[in-house]
$ cat protein.cif   # mmCIF, C-alpha atoms
data_upload
loop_
_atom_site.label_atom_id
_atom_site.label_comp_id
_atom_site.auth_asym_id
_atom_site.auth_seq_id
_atom_site.Cartn_x
_atom_site.Cartn_y
_atom_site.Cartn_z
CA MET A 1 -21.39 98.08 -12.03
CA ALA A 2 -18.20 96.59 -10.61
CA LYS A 3 -15.36 96.15 -13.08
CA PHE A 4 -13.82 92.92 -11.84
CA THR A 5 -15.05 89.53 -10.67
CA ALA A 6 -14.24 88.22 -7.22
CA GLN A 7 -11.54 85.95 -8.64
CA GLU A 8 -9.96 88.81 -10.58
CA VAL A 9 -9.81 91.01 -7.48
CA VAL A 10 -8.16 88.20 -5.52
CA ALA A 11 -5.52 88.01 -8.26
CA GLN A 12 -4.94 91.77 -7.90
CA PHE A 13 -4.31 91.57 -4.14
CA PRO A 14 -2.73 88.13 -3.55
CA ASP A 15 -0.90 89.16 -0.37
CA SER A 16 -4.18 90.25 1.19
CA VAL A 17 -5.57 86.73 0.82
CA LYS A 18 -2.80 84.15 1.07
CA GLY A 19 -2.53 82.58 4.49
CA ARG A 20 -5.25 84.73 6.01
CA THR A 21 -8.53 83.88 7.73
CA PHE A 22 -11.84 85.33 6.56
CA LEU A 23 -15.23 85.19 8.27
CA LEU A 24 -18.36 85.94 6.27
CA THR A 25 -22.03 86.28 7.13
CA GLY A 26 -24.82 86.20 4.56
CA ALA A 27 -22.87 83.76 2.37
CA THR A 28 -25.74 81.77 0.89
CA ALA A 29 -25.68 81.43 -2.90
CA PRO A 30 -26.42 83.40 -5.00
CA SER A 31 -25.49 86.16 -2.56
CA ILE A 32 -22.67 88.67 -2.90
CA ALA A 33 -20.85 87.17 0.09
CA ALA A 34 -21.09 83.68 -1.41
CA ALA A 35 -19.51 84.92 -4.64
CA ALA A 36 -16.78 86.62 -2.61
CA ALA A 37 -16.12 83.43 -0.65
CA VAL A 38 -15.72 81.39 -3.84
CA GLY A 39 -13.34 84.03 -5.17
CA LEU A 40 -11.28 83.94 -1.97
CA GLY A 41 -10.89 80.20 -2.43
CA THR A 42 -8.69 80.84 -5.47
CA GLY A 43 -6.16 82.85 -3.45
CA SER A 44 -4.86 80.24 -0.95
CA PRO A 45 -6.37 81.63 2.24
CA LYS A 46 -5.67 79.84 5.48
CA GLN A 47 -9.32 79.57 6.46
CA ILE A 48 -12.74 80.69 5.35
CA ILE A 49 -15.29 80.75 8.15
CA LEU A 50 -18.94 80.65 7.12
CA VAL A 51 -21.69 81.44 9.63
CA GLY A 52 -25.41 81.15 9.00
CA ARG A 53 -28.68 79.42 9.76
CA SER A 54 -28.52 76.63 7.16
CA ILE A 55 -25.61 74.23 7.59
CA GLU A 56 -26.71 72.40 4.44
CA LYS A 57 -26.53 75.52 2.27
CA LEU A 58 -23.16 76.47 3.71
CA GLN A 59 -21.84 72.97 3.04
CA THR A 60 -22.86 73.37 -0.60
CA LEU A 61 -20.89 76.62 -0.71
CA GLU A 62 -17.95 74.88 0.97
CA GLU A 63 -17.78 72.44 -1.95
CA GLN A 64 -17.70 75.34 -4.40
CA ILE A 65 -14.95 77.10 -2.45
CA LYS A 66 -12.76 74.02 -2.35
CA GLN A 67 -12.88 73.76 -6.12
CA GLY A 68 -10.69 76.86 -6.18
CA GLY A 69 -7.68 75.18 -4.63
CA SER A 70 -6.48 72.40 -2.39
CA GLY A 71 -5.69 72.78 1.26
CA ILE A 72 -8.34 75.39 2.01
CA GLU A 73 -9.89 74.90 5.42
CA VAL A 74 -13.56 75.88 5.47
CA LEU A 75 -15.18 76.06 8.90
CA ILE A 76 -18.94 76.28 9.31
CA PHE A 77 -20.78 77.51 12.39
CA LYS A 78 -24.55 77.58 12.84
CA LEU A 79 -25.71 81.02 13.82
CA ASP A 80 -28.93 82.99 13.35
CA LEU A 81 -28.41 86.75 13.19
CA ALA A 82 -32.05 87.29 14.15
CA SER A 83 -31.45 85.74 17.58
CA ASN A 84 -29.12 87.16 20.21
CA GLU A 85 -29.02 83.78 21.95
CA SER A 86 -27.98 82.03 18.74
CA ILE A 87 -25.30 84.65 18.05
CA ARG A 88 -23.85 84.21 21.51
CA ALA A 89 -23.78 80.42 21.11
CA GLY A 90 -22.12 80.68 17.70
CA ALA A 91 -19.56 83.23 18.86
CA THR A 92 -18.74 81.09 21.89
CA ALA A 93 -18.12 78.11 19.59
CA ILE A 94 -15.81 80.15 17.35
CA LEU A 95 -13.84 81.57 20.29
CA ALA A 96 -13.46 78.09 21.79
CA ASP A 97 -12.34 76.47 18.53
CA ASN A 98 -8.56 76.01 18.61
CA ARG A 99 -8.46 75.84 14.81
CA VAL A 100 -9.27 79.56 14.74
CA SER A 101 -6.41 81.57 16.14
CA THR A 102 -7.00 84.91 14.44
CA ILE A 103 -9.66 86.31 12.12
CA ASP A 104 -8.06 88.73 9.68
CA VAL A 105 -11.14 89.94 7.82
CA VAL A 106 -14.78 89.97 8.90
CA VAL A 107 -17.49 90.59 6.30
CA THR A 108 -21.01 91.33 7.55
CA SER A 109 -23.35 90.95 4.59
CA ALA A 110 -26.60 89.40 5.82
CA HIS A 111 -29.78 91.32 5.09
CA VAL A 112 -33.49 90.77 4.50
CA VAL A 113 -36.18 92.86 2.83
CA ASN A 114 -39.65 92.45 4.30
CA MET A 115 -42.59 94.06 2.52
CA GLU A 116 -44.49 93.91 5.81
CA ARG A 117 -43.13 94.37 9.30
CA LYS A 118 -41.86 91.32 11.16
CA ASN A 119 -40.14 91.11 14.51
CA SER A 120 -37.22 88.91 15.47
CA ILE A 121 -37.43 86.39 18.29
CA ASP A 122 -36.04 89.15 20.52
CA GLY A 123 -38.85 91.52 19.55
CA ILE A 124 -36.68 93.73 17.34
CA GLU A 125 -37.87 94.77 13.87
CA GLU A 126 -36.38 91.98 11.77
CA THR A 127 -34.50 93.89 9.06
CA PHE A 128 -32.80 95.98 11.75
CA ALA A 129 -32.09 92.86 13.83
CA ILE A 130 -30.47 90.91 10.99
CA GLY A 131 -28.93 93.86 9.19
CA HIS A 132 -27.39 95.66 12.17
CA VAL A 133 -28.04 94.39 15.70
CA GLY A 134 -26.89 90.84 14.95
CA PRO A 135 -23.65 91.90 13.22
CA PHE A 136 -23.03 94.42 16.03
CA LEU A 137 -23.22 91.67 18.63
CA LEU A 138 -21.25 89.14 16.61
CA VAL A 139 -18.36 91.47 15.82
CA ASN A 140 -18.07 92.65 19.40
CA LEU A 141 -18.19 89.14 20.85
CA LEU A 142 -15.47 88.01 18.45
CA ARG A 143 -13.15 90.90 19.33
CA PRO A 144 -10.61 88.63 21.08
CA LYS A 145 -9.86 86.93 17.75
CA ILE A 146 -10.43 89.77 15.27
CA ARG A 147 -7.21 91.23 13.93
CA ALA A 148 -8.62 94.59 12.94
CA THR A 149 -6.91 97.08 15.21
CA THR A 150 -5.24 99.92 13.38
CA GLY A 151 -1.61 99.38 12.45
CA GLN A 152 0.62 97.80 9.87
CA ASP A 153 -0.65 94.58 8.26
CA SER A 154 -3.83 94.71 10.31
CA GLY A 155 -7.12 93.13 9.47
CA ARG A 156 -10.37 94.77 8.44
CA ILE A 157 -14.07 94.69 9.23
CA VAL A 158 -16.23 95.15 6.14
CA ASN A 159 -19.88 96.08 6.55
CA VAL A 160 -22.07 95.77 3.46
CA THR A 161 -24.32 98.81 3.15
CA SER A 162 -25.98 100.45 0.14
CA GLY A 163 -26.47 103.77 -1.56
CA GLY A 164 -29.97 103.21 -0.24
CA HIS A 165 -28.72 104.58 3.08
CA ARG A 166 -29.60 107.96 1.55
CA LEU A 167 -33.29 107.08 1.87
CA ALA A 168 -32.90 107.87 5.57
CA ASP A 169 -32.61 111.52 4.50
CA ILE A 170 -36.37 111.61 3.95
CA LEU A 171 -37.39 110.31 7.38
CA PRO A 172 -40.39 112.24 8.76
CA ASN A 173 -39.15 115.04 11.02
CA GLY A 174 -35.63 113.91 10.14
CA LYS A 175 -35.55 111.54 13.14
CA PHE A 176 -33.54 108.33 12.98
CA ASP A 177 -35.85 105.67 14.47
CA PRO A 178 -34.85 102.12 13.44
CA LEU A 179 -37.01 100.59 16.20
CA LEU A 180 -40.05 102.53 14.95
CA GLU A 181 -40.74 103.75 18.47
CA THR A 182 -41.96 107.25 17.60
CA GLY A 183 -45.03 106.21 15.65
CA LEU A 184 -43.22 106.02 12.33
CA PRO A 185 -45.20 103.54 10.19
CA TYR A 186 -43.32 100.63 8.68
CA HIS A 187 -42.29 101.16 5.09
CA VAL A 188 -39.98 98.59 3.57
CA TRP A 189 -37.70 101.13 1.88
CA MET A 190 -37.73 103.68 4.66
CA GLN A 191 -36.60 100.93 7.02
CA TYR A 192 -34.08 99.67 4.46
CA GLY A 193 -32.56 103.16 4.43
CA GLN A 194 -32.34 103.21 8.21
CA VAL A 195 -30.66 99.80 8.37
CA LYS A 196 -28.15 100.68 5.65
CA LEU A 197 -27.44 103.97 7.41
CA SER A 198 -26.80 101.91 10.55
CA ASN A 199 -24.15 99.88 8.71
CA ILE A 200 -22.16 103.04 7.96
CA LEU A 201 -22.65 104.48 11.45
CA PHE A 202 -21.48 101.16 12.93
CA THR A 203 -18.38 101.34 10.75
CA ARG A 204 -17.77 104.87 11.95
CA SER A 205 -18.09 103.78 15.59
CA LEU A 206 -15.63 100.92 15.08
CA VAL A 207 -13.08 103.32 13.64
CA MET A 208 -13.56 105.66 16.60
CA ARG A 209 -12.80 102.67 18.85
CA GLY A 210 -9.51 101.86 17.12
CA PHE A 211 -10.57 99.31 14.53
CA ASN A 212 -9.91 99.13 10.82
CA ALA A 213 -13.33 99.11 9.18
CA VAL A 214 -14.97 100.14 5.92
CA SER A 215 -18.48 100.00 4.49
CA ILE A 216 -19.25 98.90 0.94
CA HIS A 217 -22.00 99.73 -1.54
CA PRO A 218 -21.99 96.73 -3.90
CA GLY A 219 -24.59 98.12 -6.30
CA PRO A 220 -27.73 96.49 -7.76
CA THR A 221 -27.16 92.75 -7.93
CA ALA A 222 -29.08 89.78 -9.28
CA THR A 223 -29.64 87.95 -6.01
CA LEU A 224 -32.76 86.33 -4.60
CA MET A 225 -33.50 89.57 -2.74
CA ASN A 226 -33.75 91.41 -6.07
CA THR A 227 -35.80 88.84 -8.01
CA ASN A 228 -38.40 91.48 -8.95
CA TYR A 229 -35.91 94.32 -9.28
CA ASP A 230 -37.98 96.56 -11.59
CA GLU A 231 -40.95 96.43 -9.24
CA LEU A 232 -38.71 97.13 -6.27
CA MET A 233 -37.26 100.21 -7.95
CA LYS A 234 -40.74 101.47 -8.83
CA SER A 235 -41.71 101.30 -5.16
CA VAL A 236 -38.55 103.22 -4.20
CA ALA A 237 -39.36 105.89 -6.79
CA THR A 238 -42.90 106.15 -5.46
CA LEU A 239 -41.61 106.67 -1.91
CA VAL A 240 -39.11 109.33 -2.95
CA GLY A 241 -41.61 111.04 -5.24
CA SER A 242 -44.18 111.36 -2.47
CA SER A 243 -41.71 112.85 0.00
CA PRO A 244 -41.36 116.62 0.36
CA VAL A 245 -37.69 116.06 1.18
CA LYS A 246 -35.43 114.36 -1.35
CA PRO A 247 -32.37 112.20 -0.61
CA THR A 248 -29.03 113.84 -1.23
CA PRO A 249 -27.70 112.30 -4.46
CA GLY A 250 -24.43 110.40 -4.33
CA LYS A 251 -21.78 109.57 -6.90
CA GLU A 252 -22.74 105.89 -6.73
CA ASN A 253 -26.06 106.92 -8.35
CA ASP A 254 -26.87 103.56 -9.97
CA MET A 255 -30.40 102.78 -8.87
CA HIS A 256 -31.61 102.57 -12.46
CA ASN A 257 -28.78 100.32 -13.65
CA PRO A 258 -29.64 96.69 -14.43
CA PRO A 259 -28.63 94.24 -11.70
CA GLN A 260 -25.09 92.94 -12.05
CA PRO A 261 -24.09 89.27 -11.59
CA PRO A 262 -23.13 88.29 -8.02
CA GLN A 263 -19.60 87.50 -9.24
CA LEU A 264 -19.08 91.17 -10.11
CA ALA A 265 -20.71 92.45 -6.94
CA GLY A 266 -18.53 90.00 -5.01
CA GLY A 267 -15.56 91.56 -6.75
CA GLY A 268 -16.60 94.97 -5.51
CA LEU A 269 -16.97 93.58 -2.01
CA LEU A 270 -13.48 92.08 -2.13
CA GLN A 271 -11.99 95.36 -3.33
CA ALA A 272 -13.23 96.85 -0.06
CA ALA A 273 -11.92 93.88 1.92
CA LEU A 274 -8.50 93.47 0.29
CA ASN A 275 -7.24 96.80 -1.04
CA PRO A 276 -4.70 98.02 1.56
CA ASP A 277 -4.73 101.56 0.18
CA LEU A 278 -8.32 102.35 1.11
CA PRO A 279 -8.57 104.89 3.94
CA ASN A 280 -9.85 103.64 7.25
CA GLY A 281 -13.56 104.26 7.63
CA ALA A 282 -14.10 104.64 3.89
CA TYR A 283 -17.47 104.28 2.21
CA VAL A 284 -16.52 102.22 -0.83
CA ALA A 285 -18.36 101.82 -4.13
CA TYR A 286 -16.87 100.02 -7.13
CA GLY A 287 -13.38 100.12 -5.65
CA GLU A 288 -13.38 103.84 -4.82
CA ALA A 289 -13.83 105.73 -1.59
CA LEU A 290 -16.86 108.02 -2.00
CA GLU A 291 -18.65 110.45 0.27
CA SER A 292 -21.65 108.99 2.05
CA SER A 293 -24.63 111.03 3.21
CA LYS A 294 -24.25 113.83 5.72
CA LEU A 295 -26.38 111.91 8.20
CA SER A 296 -24.01 108.93 8.01
CA GLN A 297 -21.12 111.18 9.05
CA ASP A 298 -22.78 112.27 12.29
CA ASP A 299 -20.54 111.07 15.15
CA GLN A 300 -23.18 111.79 17.78
CA LEU A 301 -25.74 109.72 15.89
CA ALA A 302 -23.18 106.93 15.56
CA GLU A 303 -22.64 106.97 19.32
CA GLU A 304 -26.39 106.97 19.99
CA LEU A 305 -26.77 103.94 17.73
CA TRP A 306 -23.93 102.17 19.56
CA GLN A 307 -25.63 102.76 22.91
CA LEU A 308 -29.00 101.65 21.52
CA SER A 309 -27.38 98.48 20.17
CA GLU A 310 -25.82 97.75 23.56
CA ARG A 311 -29.25 98.09 25.14
CA LEU A 312 -30.81 95.73 22.62
CA VAL A 313 -28.18 93.01 23.19
CA GLY A 314 -27.95 93.58 26.94
CA GLN A 315 -24.20 94.09 27.03
CA LYS A 316 -21.76 97.00 26.93
CA PHE A 317 -18.70 96.90 24.71
#

$ encode --input "protein.cif" --output "structure tokens"
Amino acid sequence: MAKFTAQEVVAQFPDSVKGRTFLLTGATAPSIAAAAAVGLGTGSPKQIILVGRSIEKLQTLEEQIKQGGSGIEVLIFKLDLASNESIRAGATAILADNRVSTIDVVVTSAHVVNMERKNSIDGIEETFAIGHVGPFLLVNLLRPKIRATTGQDSGRIVNVTSGGHRLADILPNGKFDPLLETGLPYHVWMQYGQVKLSNILFTRSLVMRGFNAVSIHPGPTATLMNTNYDELMKSVATLVGSSPVKPTPGKENDMHNPPQPPQLAGGGLLQAALNPDLPNGAYVAYGEALESSKLSQDDQLAEELWQLSERLVGQKF
């Protein structure tokens, strides 16, 4: 469990917030990103940019953010991470908006858990579309305004992943197949592991391309996605127990911990976003840089995922 709330972390790193612009996806209450956004509002940022499908829900969050201090500019852009067309339209609007000169920190936090397979409007398995392909396209389209190139006082891209990325260790034949093209049957947690692995591999690819980026394991959190947390964990245990190969354990080993409040998980997210001492490319859990799975450190796999993502969005970056 994280040690500090989002507001407490902002107070620890005031210079990383004041006068800066933050863009967040997945910021619909009671999500981790929403809690982080409310916390940022207490630190006098220049702008907080919220992107998502529901303008109404984001406007509700805007009201909560503005309770943290006066003079905060909150900008809202409609954008559906399950649709490449919608992402392009939203990114075009952000790039054309003169109010947004530079984006210092980008947080990609949107995710869905589907018990049965669904496809996005573009025909991509939906959890992979929303959890990786959409953020991949959005971040790359916004490059002209993202201040996340390596160097002093640079920005940062923060990709929310999970210790659940280790579930990809038990893939049949050890083959990474997020599109399920090799006959791999859909299993909610197997696919979850592949998507969360993708978040770390994407981070790795960004670093290799000269960006400041980290990935963050926020830990079990009491959000809408985890409403039936005990049942969800039982299904994970069943999957792992039935597999002849077991995931490599990690130091974040917290699967059996009770879900923490979003305010604490948001604090953990902001530690990854704001702490200037974190190494570039770090896999962060509870404010510390930990070692992610061996598979997530595979540069060739990261490059293959980048090329696959380019194919799925129809554009090279």

$ residues_around --input "protein.cif" --residues "Ile124 (chain A)" --least-positions-apart "2" --cutoff "10 Å" --atoms "all atoms listed in the file" --output "PDB file with C-alpha atoms, in the coordinates of the input"
ATOM      1  CA  ALA A  82     -32.050  87.290  14.150  1.00  0.00           C
ATOM      2  CA  SER A  83     -31.450  85.740  17.580  1.00  0.00           C
ATOM      3  CA  LYS A 118     -41.860  91.320  11.160  1.00  0.00           C
ATOM      4  CA  ASN A 119     -40.140  91.110  14.510  1.00  0.00           C
ATOM      5  CA  SER A 120     -37.220  88.910  15.470  1.00  0.00           C
ATOM      6  CA  ILE A 121     -37.430  86.390  18.290  1.00  0.00           C
ATOM      7  CA  ASP A 122     -36.040  89.150  20.520  1.00  0.00           C
ATOM      8  CA  GLU A 126     -36.380  91.980  11.770  1.00  0.00           C
ATOM      9  CA  THR A 127     -34.500  93.890   9.060  1.00  0.00           C
ATOM     10  CA  PHE A 128     -32.800  95.980  11.750  1.00  0.00           C
ATOM     11  CA  ALA A 129     -32.090  92.860  13.830  1.00  0.00           C
ATOM     12  CA  ILE A 130     -30.470  90.910  10.990  1.00  0.00           C
ATOM     13  CA  VAL A 133     -28.040  94.390  15.700  1.00  0.00           C
ATOM     14  CA  PRO A 178     -34.850 102.120  13.440  1.00  0.00           C
ATOM     15  CA  LEU A 179     -37.010 100.590  16.200  1.00  0.00           C
ATOM     16  CA  LEU A 180     -40.050 102.530  14.950  1.00  0.00           C
ATOM     17  CA  LEU A 312     -30.810  95.730  22.620  1.00  0.00           C
TER      18      LEU A 312
END

$ resolve_selection --input "protein.cif" --expression "the PyMOL selection byres ((chain A and resi 81) around 10)" --output "PyMOL selection string"
chain A and resi 25-26+51-53+78-80+82-88+90+110-111+120+126+129-138

$ closest_atom_pairs --input "protein.cif" --of "region 116-175 of chain A" --to "region 265-277 of chain A" --cutoff "9 Å" --atoms "all atoms listed in the file" --output "CSV"
residue,atom,partner,partner_atom,distance
A:Asp153,CA,A:Pro276,CA,8.6
A:Gly155,CA,A:Ala273,CA,9.0
A:Arg156,CA,A:Ala273,CA,6.8
A:Ile157,CA,A:Ala273,CA,7.7
A:Val158,CA,A:Ala273,CA,6.2
A:Val160,CA,A:Leu269,CA,7.8

$ closest_atom_pairs --input "protein.cif" --of "region 3-33 of chain A" --to "region 59-70 of chain A" --cutoff "12 Å" --atoms "all atoms listed in the file" --output "JSON lines"
{"residue": "A:Ala6", "atom": "CA", "partner": "A:Gly68", "partner_atom": "CA", "distance": 11.9}
{"residue": "A:Gln7", "atom": "CA", "partner": "A:Gly68", "partner_atom": "CA", "distance": 9.5}
{"residue": "A:Val10", "atom": "CA", "partner": "A:Gly68", "partner_atom": "CA", "distance": 11.6}
{"residue": "A:Lys18", "atom": "CA", "partner": "A:Gly69", "partner_atom": "CA", "distance": 11.7}
{"residue": "A:Leu24", "atom": "CA", "partner": "A:Leu61", "partner_atom": "CA", "distance": 11.9}
{"residue": "A:Gly26", "atom": "CA", "partner": "A:Leu61", "partner_atom": "CA", "distance": 11.6}
{"residue": "A:Ala27", "atom": "CA", "partner": "A:Leu61", "partner_atom": "CA", "distance": 8.0}
{"residue": "A:Thr28", "atom": "CA", "partner": "A:Leu61", "partner_atom": "CA", "distance": 7.3}
{"residue": "A:Ala29", "atom": "CA", "partner": "A:Leu61", "partner_atom": "CA", "distance": 7.1}
{"residue": "A:Pro30", "atom": "CA", "partner": "A:Leu61", "partner_atom": "CA", "distance": 9.7}
{"residue": "A:Ser31", "atom": "CA", "partner": "A:Leu61", "partner_atom": "CA", "distance": 10.8}
{"residue": "A:Ala33", "atom": "CA", "partner": "A:Leu61", "partner_atom": "CA", "distance": 10.6}

$ atom_distance --input "protein.cif" --atom1 "CA of Thr42 (chain A)" --atom2 "CA of Ile200 (chain A)"
29.2 Å

$ atom_distance --input "protein.cif" --atom1 "CA of Ser109 (chain A)" --atom2 "CA of Gln315 (chain A)"
22.7 Å

$ resolve_selection --input "protein.cif" --expression "the PyMOL selection byres ((chain A and resi 72) around 8)" --output "PDB file with C-alpha atoms, in the frame of the given file"
ATOM      1  CA  GLY A  41     -10.890  80.200  -2.430  1.00  0.00           C
ATOM      2  CA  SER A  44      -4.860  80.240  -0.950  1.00  0.00           C
ATOM      3  CA  PRO A  45      -6.370  81.630   2.240  1.00  0.00           C
ATOM      4  CA  LYS A  46      -5.670  79.840   5.480  1.00  0.00           C
ATOM      5  CA  GLN A  47      -9.320  79.570   6.460  1.00  0.00           C
ATOM      6  CA  ILE A  48     -12.740  80.690   5.350  1.00  0.00           C
ATOM      7  CA  LYS A  66     -12.760  74.020  -2.350  1.00  0.00           C
ATOM      8  CA  GLY A  69      -7.680  75.180  -4.630  1.00  0.00           C
ATOM      9  CA  SER A  70      -6.480  72.400  -2.390  1.00  0.00           C
ATOM     10  CA  GLY A  71      -5.690  72.780   1.260  1.00  0.00           C
ATOM     11  CA  GLU A  73      -9.890  74.900   5.420  1.00  0.00           C
ATOM     12  CA  VAL A  74     -13.560  75.880   5.470  1.00  0.00           C
TER      13      VAL A  74
END

$ atom_distance --input "protein.cif" --atom1 "CA of Ala282 (chain A)" --atom2 "CA of Leu40 (chain A)"
21.7 Å
